[in-house]
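Structure first, commentary second.
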Amino acid sequence: MISRYLILFTFFIISCGSNIAYGDYVDTTGMSRKQIESIKNHPKVQIGVASYYGKKFHKKRTANGEIFNMYKVSAAHKSYPLGTKVRVTNLENGRSIKLFINDRGPFVKGRIIDLSYKAARKLDFVSQGTTKVKIEVLRLGDNKYYK
């Protein structure tokens with residue numbers, strides 16, 4: 001009789017725990033298995049059209065919680081983890097810059113990255129508004145939100 005209750009109790013305890021097979025695993029940094037896999041599966045190099053954003057978003061909160069400053073170097077990307085460090089190269093003039101992804105966007109079809117006004121100035125495409133760029137991932141971010 002006692003062994004029957006012991007077996008039932010054991011099954012109850014086991015069923016309450018997280019199940020690694022279903023992606024509930026969380027590592028020491030607090031990231032789930034799904035988050036870790038999505039970070040590992042991002043392309044290391046992308047080529048496409050870049051644009052920039054400035055006054056309309058200046059001093060507003062970015063996706064990672066920071067306050068956007070158009071006079072600092074940063075960028076918005078649709079899917080790279082927040083905090084990812086990238087090198088962006090303007091393919092029309094060869095200029096490049098290293099920066100961090102701290103926001104989401106661009107939300108215009110056909111564009112792959114939105115740069116801050118200062119980053120666009122450094123890449124020398126402010127007057128055109130857009131340019132063809134190559135994005136190289138230097139270090140994947142942890143996708144953390146900062147307050």
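Just so we're on the same page: first chain in the structure tokens is A, next is B, and so on; residues restart at 1 for each chain, and ligands are numbered from 1 in the order they show up.
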With only C-alpha atoms as the counted atoms, please give the residues lying no more than 9 Å from segment 137-141 of chain A, apart from itself and same-chain residues fewer than 3 positions off, as a list in words. Ile39, Lys40, Pro43, Lys44, Val45, Gln46, Tyr80, Pro81, Leu82, Gly83, Thr84, Lys85, Val86, Arg87, Val88, Lys98, Phe100, Ile101 and Lys144 of chain A
Would you mind exporting C-alpha atoms of the selected residues as a short mmCIF file (atom, residue, chain, number, x, y, z; two decimals), in the first residue's frame?
data_model
loop_
_atom_site.label_atom_id
_atom_site.label_comp_id
_atom_site.auth_asym_id
_atom_site.auth_seq_id
_atom_site.Cartn_x
_atom_site.Cartn_y
_atom_site.Cartn_z
CA ILE A 39 20.59 33.40 -31.95
CA LYS A 40 22.83 30.67 -33.37
CA PRO A 43 23.07 34.79 -40.89
CA LYS A 44 26.57 36.10 -40.19
CA VAL A 45 26.55 38.35 -43.27
CA GLN A 46 23.67 40.21 -44.92
CA TYR A 80 19.38 40.15 -34.75
CA PRO A 81 19.39 39.81 -30.96
CA LEU A 82 19.53 43.14 -29.16
CA GLY A 83 23.10 43.94 -28.15
CA THR A 84 24.59 42.29 -31.26
CA LYS A 85 27.77 44.02 -32.43
CA VAL A 86 28.00 44.40 -36.21
CA ARG A 87 30.22 46.01 -38.82
CA VAL A 88 28.21 47.88 -41.45
CA LYS A 98 31.11 49.08 -35.90
CA PHE A 100 25.42 47.71 -31.61
CA ILE A 101 21.84 46.74 -32.44
CA LYS A 144 18.45 41.81 -22.92
#
May I have all residues of segment 55-120 of chain A that DSSP, computed from the backbone, assigns to strand (DSSP E), given as a VMD selection string? chain A and resid 75 to 77 85 to 90 96 to 103 111 to 116
If you keep N, CA and C atoms, can you produce a file of those selected residues as an mmCIF file, in the first residue's frame?
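Heads up, here's the output in result.cif:
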data_model
loop_
_atom_site.group_PDB
_atom_site.id
_atom_site.type_symbol
_atom_site.label_atom_id
_atom_site.label_comp_id
_atom_site.auth_asym_id
_atom_site.auth_seq_id
_atom_site.Cartn_x
_atom_site.Cartn_y
_atom_site.Cartn_z
ATOM 1 N N ALA A 75 21.892 51.127 -34.122
ATOM 2 C CA ALA A 75 21.113 50.650 -35.262
ATOM 3 C C ALA A 75 19.915 49.835 -34.825
ATOM 4 N N ALA A 76 18.962 49.720 -35.749
ATOM 5 C CA ALA A 76 17.783 48.883 -35.566
ATOM 6 C C ALA A 76 17.818 47.779 -36.612
ATOM 7 N N HIS A 77 17.530 46.553 -36.182
ATOM 8 C CA HIS A 77 17.492 45.402 -37.081
ATOM 9 C C HIS A 77 16.262 44.581 -36.744
ATOM 10 N N LYS A 85 26.795 43.084 -31.862
ATOM 11 C CA LYS A 85 27.770 44.024 -32.426
ATOM 12 C C LYS A 85 27.989 43.653 -33.886
ATOM 13 N N VAL A 86 27.858 44.637 -34.779
ATOM 14 C CA VAL A 86 28.003 44.398 -36.213
ATOM 15 C C VAL A 86 28.944 45.423 -36.828
ATOM 16 N N ARG A 87 29.481 45.051 -37.982
ATOM 17 C CA ARG A 87 30.217 46.008 -38.822
ATOM 18 C C ARG A 87 29.331 46.248 -40.043
ATOM 19 N N VAL A 88 29.021 47.509 -40.298
ATOM 20 C CA VAL A 88 28.208 47.880 -41.449
ATOM 21 C C VAL A 88 29.111 48.596 -42.433
ATOM 22 N N THR A 89 29.145 48.105 -43.667
ATOM 23 C CA THR A 89 29.986 48.687 -44.716
ATOM 24 C C THR A 89 29.101 49.237 -45.820
ATOM 25 N N ASN A 90 29.307 50.507 -46.159
ATOM 26 C CA ASN A 90 28.612 51.129 -47.277
ATOM 27 C C ASN A 90 29.276 50.609 -48.551
ATOM 28 N N SER A 96 33.129 51.967 -43.466
ATOM 29 C CA SER A 96 32.499 51.016 -42.547
ATOM 30 C C SER A 96 32.524 51.551 -41.123
ATOM 31 N N ILE A 97 31.644 50.966 -40.298
ATOM 32 C CA ILE A 97 31.512 51.383 -38.910
ATOM 33 C C ILE A 97 31.069 50.177 -38.082
ATOM 34 N N LYS A 98 31.546 50.125 -36.839
ATOM 35 C CA LYS A 98 31.110 49.083 -35.904
ATOM 36 C C LYS A 98 30.086 49.700 -34.971
ATOM 37 N N LEU A 99 28.997 48.968 -34.719
ATOM 38 C CA LEU A 99 27.954 49.477 -33.831
ATOM 39 C C LEU A 99 27.145 48.341 -33.235
ATOM 40 N N PHE A 100 26.262 48.692 -32.286
ATOM 41 C CA PHE A 100 25.416 47.714 -31.612
ATOM 42 C C PHE A 100 23.965 47.870 -32.066
ATOM 43 N N ILE A 101 23.268 46.745 -32.145
ATOM 44 C CA ILE A 101 21.839 46.737 -32.435
ATOM 45 C C ILE A 101 21.114 46.976 -31.115
ATOM 46 N N ASN A 102 20.351 48.067 -31.039
ATOM 47 C CA ASN A 102 19.619 48.352 -29.808
ATOM 48 C C ASN A 102 18.129 48.599 -30.041
ATOM 49 N N ASP A 103 17.666 48.398 -31.281
ATOM 50 C CA ASP A 103 16.271 48.680 -31.595
ATOM 51 C C ASP A 103 15.769 47.730 -32.677
ATOM 52 N N ARG A 111 14.263 46.960 -46.829
ATOM 53 C CA ARG A 111 15.399 47.484 -46.065
ATOM 54 C C ARG A 111 15.791 46.491 -44.981
ATOM 55 N N ILE A 112 17.099 46.395 -44.707
ATOM 56 C CA ILE A 112 17.565 45.403 -43.732
ATOM 57 C C ILE A 112 18.056 46.001 -42.426
ATOM 58 N N ILE A 113 18.367 47.297 -42.422
ATOM 59 C CA ILE A 113 18.870 47.926 -41.197
ATOM 60 C C ILE A 113 18.554 49.415 -41.219
ATOM 61 N N ASP A 114 18.238 49.946 -40.044
ATOM 62 C CA ASP A 114 18.056 51.382 -39.847
ATOM 63 C C ASP A 114 19.190 51.856 -38.955
ATOM 64 N N LEU A 115 19.942 52.835 -39.414
ATOM 65 C CA LEU A 115 21.071 53.352 -38.649
ATOM 66 C C LEU A 115 20.707 54.683 -38.010
ATOM 67 N N SER A 116 21.373 55.022 -36.940
ATOM 68 C CA SER A 116 21.182 56.342 -36.347
ATOM 69 C C SER A 116 21.737 57.392 -37.317
#
I'd like to know which of A:Asn69, A:Asn143, A:Thr131, A:Asn41 is closest to Arg95 of chain A, using only C-alpha atoms. A:Thr131
I want to know what sits within 8 Å of Val126 of chain A, based on only C-alpha atoms, with residues of the same chain fewer than 4 positions away left out; could you give that as a PyMOL selection string? chain A and resi 52+117+120-121+130
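With only C-alpha atoms as the atoms that count, the residue of A:Lys132, A:Ser79, A:Val108, A:Tyr145 with the shortest distance to Ala63 of chain A is A:Tyr145.
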Could you give me the residues within segment 19-135 of chain A that DSSP places in alpha helix (DSSP H), as an MDAnalysis selection string? chainID A and resid 33:40 117:123
Using C-alpha atoms, can you export the residues from the last selection as a CSV table (one decimal), in the first residue's frame?
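See result-v4.csv below for the written result:
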chain,number,residue,atom,x,y,z
A,33,ARG,CA,16.8,26.8,-25.5
A,34,LYS,CA,14.6,28.4,-28.2
A,35,GLN,CA,16.3,31.8,-27.7
A,36,ILE,CA,19.8,30.2,-27.8
A,37,GLU,CA,18.9,28.3,-31.1
A,38,SER,CA,17.4,31.4,-32.7
A,39,ILE,CA,20.6,33.4,-32.0
A,40,LYS,CA,22.8,30.7,-33.4
A,117,TYR,CA,21.8,59.7,-38.0
A,118,LYS,CA,25.4,59.8,-36.8
A,119,ALA,CA,26.1,56.3,-38.2
A,120,ALA,CA,24.6,57.4,-41.5
A,121,ARG,CA,26.8,60.5,-41.5
A,122,LYS,CA,29.9,58.3,-40.8
A,123,LEU,CA,29.0,56.1,-43.7
Quick one: of A:Glu136, A:Asp124, A:Glu66, A:Asp142, who's nearest to Gly94 of chain A, counting only C-alpha atoms?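 Once distances to Gly94 of chain A are computed over only C-alpha atoms, the minimum belongs to A:Asp124.
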